[in-house]
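> Would you mind keeping the following structure in view while I ask a few things?
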Amino acid sequence: MVGAVCLGLLTAACGSGSGSGSSSGGGTLTAYVYGDGAVKVQEAAVAEFNKTSKVKVKLVEIPGDSYQNKLNAVMSSPNAPDLLYNWGGGSIKPFVDAGELLDLTPYLTQDSSFKSSFLPSVLAAGAIDGKNYGIPMRGMQPVVLFYNKTLFTQNGLQAPTTWAALQTAITTLKAKNITPVALGGADAWTEQMWLEELLDRIAGPSVFQKIAGGDSSAWGDPAVLKAAQTAKQLIDDGAFGKTFTATSYTNNAAPTLLGTGKAAMQLMGTWDYSNQLANHKEFATKDEGWVNFPTVDGGTGDAADVVGNPTNYWSVNAHTKNKDAAVAFLKAMATADYANKLVANGDVPATTSAKDLLSSSPNPAFAQFQYDMVQKAPSFQLSWDQALPAKQATQMTTEIGKLFAGQVSPEQFVTDMKALK
Amino acid sequence: MSSQAEARPASKDGGPGRAPAGAQGSDARDDAPQGRVRRSVAARVGRPSPGWAVPGVLFFAVFAVAPMVYAVYLSFCGSWGGLGTPHFSGLSNWTRLFQDSDVRQATVITIVLTVLSWAFQTPVALLLGVWAAGREKNRAVLSAVFFIPLVLSTTAIALLFKAILDPNFGLATTIGPWLGFPDGNIIGSSNGALIAVAFVGGWQFIPFHTLIYQGGARQIPEVLYQAASIDGCGRWRQFFHITLPQLRHTITTSSVLIIVGSLTSFETVFLLTQGGPGTSSTTLSYGMYREAFQGFDFGYASALGTALVVVSTLLSLLMVKFSGFGSMRSTREGM
């Protein structure tokens, strides 16, 4: 759960029976959406859709961290929404297992222009067991290695595009008393990003795909051990400095280290760029550079692979009365008009039409880089803690925290992970 | 109370069994009105009718007992994620609880934290409380200052200390080296994090316990000290031979509160260290929160919660029993 701790109470799910429900049907589609700042794009799309459609979409905005809780409670009730916003992976796996969600694969194969309007790696990330359950509907948030170009030039360093360049940067910067990499290790999900990237570069996406498919024994793959050992080596080399276990991302400590030149790199989701723009504008516009994660020596993974949060998805309730209208609404997500609205909001849409629109983005250079990176990516691995069911994800992030805090050895880490249930 | 009051006059006269038959009759006649008077006095100044307890009992039943019973039930429902209705499925959560190495570690951490909290709070609060019990003006003013943390919210205090202890931007970079944390990484090291949690909890609750000890110390009759000084006792001996023994029950009360409070301490851990680094400051109650609200495993979390309730209740009962608090003997020796 990137930055978001699900605090919501179970009881929040009761009451407020605003959903008109699939059973009552009769010309409305209830759509549950996460009610944050970006929701205005969906509001506009719904208004647009309702102008022409007989079946009207009714948007129910659920604010804050209780979204998943509310969804969990409402999906098994008669008030279940017809369309639901989600993060793919573990957030919808229980619904898919319970047969609550509509398999969208046929609609995509029937209409090839619908399918080809989305970036393949992002569309694939919303699939479960090879079947599509989600249609991308918001911006992409891949993980990027940010670095301070000015600090790198001052110290005669190359951009960290290879493992050797990264290693040299770590040794050189450490000697200059600059923390090589800012890591908000008080939040274990920031440490998880390193393992995600390392595992992908070492062995490609297949290992974690097995794990996400429910095979915990795949944690025993030698590549996982290698990734954990590499992470341990980086910690021992002082790549993250000495205080990363008490440094948090969510209170802005780690980004501030990067933004003020106390640290030279940070592996983080693309959202951190707007964070730097807001808090350290000078740094973000002049000094900040970005690359995809470097290759790892001896690794077989594709250096073009991407990890992070592909995007958010719409899924359709399998029991909805207005399937055709729901699919028609989903097709509106593929239009250039919708993509344009996302771009204007500062997002980078996961549609193929977005490429030409990005020049009008508030941050064209970064948006273009982000788009190209995902477009070229053979695989876009959803963040582990979102790909796994919540229960396993919590245990996993705890274990990752222990590994980075030095409480468990890489070998013990692997043993513990294999025991996840 | 009222039955004792009735029984007492009869036994004062040697008891009905020993008195001659005639006397017994007159005794009973004499006693009857007396007992009635006493009873009605007891009714007027003693306990009100049980009806008054209904709102409180209802409130407690609905908001404390019922959820607790439901949690016990949930703990037998396997891994229930809040989706659908929970179904009874036996002891799986409980067997897992006893085999879970994370729970074992959290138990040890919780015990260590409890001991640290007690060992830090009790002596400081005791000394401060006894000192604050004096009636001089400067003491009153300073006591008022000491009590300030008591009116701050736990959240504010924890966030304040989180800022102070931040190893990059906080005061910890300066004070860390003095305390043996050369990088200022106090809350980022496993021992430091636990000490920090105990310290912040202490900083918050010492004023409360000071208040208890102040009240306790003010109850100690002045004559005891006067007699002691006539016998040549210094301040030191007065403290150990009068103040401490007289405060015995106050110490028990305060200790029970500290221990039960630390066993269930959550907010400070949640806000200050989030159980980290790794799991080095994950207490049982924080572990329970993670299971329930991050892992959505309400069944297992309920098992943890139930275990915690049982253990804290047992511990406080044991403490009350072995400290003699339960038997309510008078602390006023010689009075």
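Ligands are numbered from 1 in the order shown, chains are lettered A, B, ... in the order of the structure tokens, and residues start at 1 in each chain.
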Show me a table, sorted first by chain and then by increasing residue number, of the residues of chain B having an atom at most 8 Å from chain A, each with its shortest atom pair and the distance in Å to one decimal, counting only C-alpha atoms and written as a tab-separated table.

```
residue	atom	partner	partner_atom	distance
B:Gly82	CA	A:Ala73	CA	6.7
B:Leu83	CA	A:Asn72	CA	5.5
B:Gly84	CA	A:Ser76	CA	6.1
B:Asp166	CA	A:Ala246	CA	7.0
B:Pro167	CA	A:Thr243	CA	6.2
B:Asn168	CA	A:Thr247	CA	7.5
B:Phe169	CA	A:Ala253	CA	8.0
B:Asp183	CA	A:Lys242	CA	6.8
B:Gly184	CA	A:Thr243	CA	7.7
B:Asn185	CA	A:Thr243	CA	5.4
B:Ile186	CA	A:Ala246	CA	7.9
B:Ile187	CA	A:Ala246	CA	5.8
B:Gly188	CA	A:Ala246	CA	4.1
B:Ser189	CA	A:Thr245	CA	7.5
B:Thr273	CA	A:Ala186	CA	7.5
B:Gln274	CA	A:Ala186	CA	7.5
B:Gly276	CA	A:Ala186	CA	6.8
B:Pro277	CA	A:Thr245	CA	5.6
B:Gly278	CA	A:Lys402	CA	3.8
B:Thr279	CA	A:Lys402	CA	6.3
B:Arg290	CA	A:Thr394	CA	7.3
B:Glu291	CA	A:Lys391	CA	7.3
B:Phe293	CA	A:Cys6	CA	6.1
B:Gln294	CA	A:Cys6	CA	6.1
B:Gly295	CA	A:Lys391	CA	3.9
B:Phe296	CA	A:Lys391	CA	6.0
B:Asp297	CA	A:Lys391	CA	6.3
```
> For the residues in the current selection, export C-alpha atoms as a PDB file, in the first residue's frame.

```
ATOM      1  CA  GLY B  82     -13.911  -9.112   6.596  1.00  0.00           C
ATOM      2  CA  LEU B  83     -15.446 -10.508   3.416  1.00  0.00           C
ATOM      3  CA  GLY B  84     -18.668 -12.474   3.928  1.00  0.00           C
ATOM      4  CA  ASP B 166      14.708  12.137  13.414  1.00  0.00           C
ATOM      5  CA  PRO B 167      18.266  11.071  12.600  1.00  0.00           C
ATOM      6  CA  ASN B 168      18.588  13.417   9.620  1.00  0.00           C
ATOM      7  CA  PHE B 169      16.851  16.599  10.632  1.00  0.00           C
ATOM      8  CA  ASP B 183      24.894   8.419  13.961  1.00  0.00           C
ATOM      9  CA  GLY B 184      21.960   9.779  15.926  1.00  0.00           C
ATOM     10  CA  ASN B 185      20.130   6.694  14.778  1.00  0.00           C
ATOM     11  CA  ILE B 186      18.217   6.182  18.017  1.00  0.00           C
ATOM     12  CA  ILE B 187      14.842   5.072  16.702  1.00  0.00           C
ATOM     13  CA  GLY B 188      16.526   3.250  13.816  1.00  0.00           C
ATOM     14  CA  SER B 189      18.480   0.835  16.020  1.00  0.00           C
ATOM     15  CA  THR B 273       8.637   3.610  15.201  1.00  0.00           C
ATOM     16  CA  GLN B 274       5.881   1.716  13.358  1.00  0.00           C
ATOM     17  CA  GLY B 276      10.578  -0.992  13.447  1.00  0.00           C
ATOM     18  CA  PRO B 277      13.343  -1.131  12.565  1.00  0.00           C
ATOM     19  CA  GLY B 278      12.282  -4.491  11.193  1.00  0.00           C
ATOM     20  CA  THR B 279      10.181  -5.807  14.025  1.00  0.00           C
ATOM     21  CA  ARG B 290      -0.921  -5.041  11.553  1.00  0.00           C
ATOM     22  CA  GLU B 291      -2.697  -8.372  11.299  1.00  0.00           C
ATOM     23  CA  PHE B 293      -5.891  -3.546   9.494  1.00  0.00           C
ATOM     24  CA  GLN B 294      -3.011  -4.142   7.121  1.00  0.00           C
ATOM     25  CA  GLY B 295      -3.249  -7.882   6.613  1.00  0.00           C
ATOM     26  CA  PHE B 296      -7.076  -7.988   6.882  1.00  0.00           C
ATOM     27  CA  ASP B 297      -6.840 -11.130   8.978  1.00  0.00           C
TER      28      ASP B 297
END
```
> According to DSSP computed on the backbone, where in stretch 40-257 of chain A is there strand (DSSP E or B)? Give the residues as a PyMOL selection string.
chain A and resi 56-62+83-86+101+118+127-128+131-132+135-136+139+141-148+179-182+185+248
> Show me, as a PyMOL selection string, the residues that have an atom within 9 Å of A:Ser359 when counting only C-alpha atoms, minus same-chain residues fewer than 6 positions from it.
chain A and resi 365+367-368
> Those residues you just picked out, can you put them in a file as a JSON list (two decimals), in the first residue's frame with N, CA, C and O atoms?

```json
[["chain", "number", "residue", "atom", "x", "y", "z"],
["A", 365, "ALA", "N", 9.15, 16.73, -20.29],
["A", 365, "ALA", "CA", 10.34, 15.88, -20.41],
["A", 365, "ALA", "C", 10.19, 14.62, -19.57],
["A", 365, "ALA", "O", 10.45, 13.50, -20.03],
["A", 367, "ALA", "N", 7.39, 13.36, -18.34],
["A", 367, "ALA", "CA", 6.25, 12.56, -18.80],
["A", 367, "ALA", "C", 6.65, 11.71, -20.01],
["A", 367, "ALA", "O", 6.29, 10.54, -20.11],
["A", 368, "GLN", "N", 7.41, 12.31, -20.90],
["A", 368, "GLN", "CA", 7.86, 11.59, -22.09],
["A", 368, "GLN", "C", 8.76, 10.42, -21.71],
["A", 368, "GLN", "O", 8.59, 9.30, -22.21]]
```
> Taking only C-alpha atoms into account, which of B:Val108, B:Leu97, B:Ala132, B:Val200 comes nearest B:Thr154?
B:Val200
> Hey, can you check how far atom CA of A:Val39 sits from atom CA of A:Gly346?
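For atom CA of A:Val39 relative to atom CA of A:Gly346, the distance reads 12.7 Å.
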> How far is it from atom CA of A:Ala218 to atom CA of A:Thr415, in Å with one decimal?
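Separation of atom CA of A:Ala218 and atom CA of A:Thr415: 11.0 Å.
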> Could you name the residues that touch stretch 272-287 of chain A at 6 Å or less, counting only C-alpha atoms, but leaving out those on the same chain fewer than 4 positions away, as a tab-separated table (two decimals) with N, CA, C and O atoms, in the first residue's frame?

```
chain	number	residue	atom	x	y	z
A	148	ASN	N	20.91	13.02	-8.68
A	148	ASN	CA	21.27	14.44	-8.72
A	148	ASN	C	22.37	14.62	-9.77
A	148	ASN	O	23.53	14.30	-9.52
A	149	LYS	N	21.99	15.13	-10.95
A	149	LYS	CA	22.93	15.26	-12.06
A	149	LYS	C	24.12	16.12	-11.67
A	149	LYS	O	25.27	15.80	-12.00
A	150	THR	N	23.85	17.21	-10.95
A	150	THR	CA	24.92	18.14	-10.60
A	150	THR	C	25.95	17.46	-9.69
A	150	THR	O	27.16	17.54	-9.93
A	259	GLY	N	16.48	16.07	-2.29
A	259	GLY	CA	16.21	17.42	-2.78
A	259	GLY	C	17.19	18.46	-2.27
A	259	GLY	O	17.38	19.49	-2.91
```
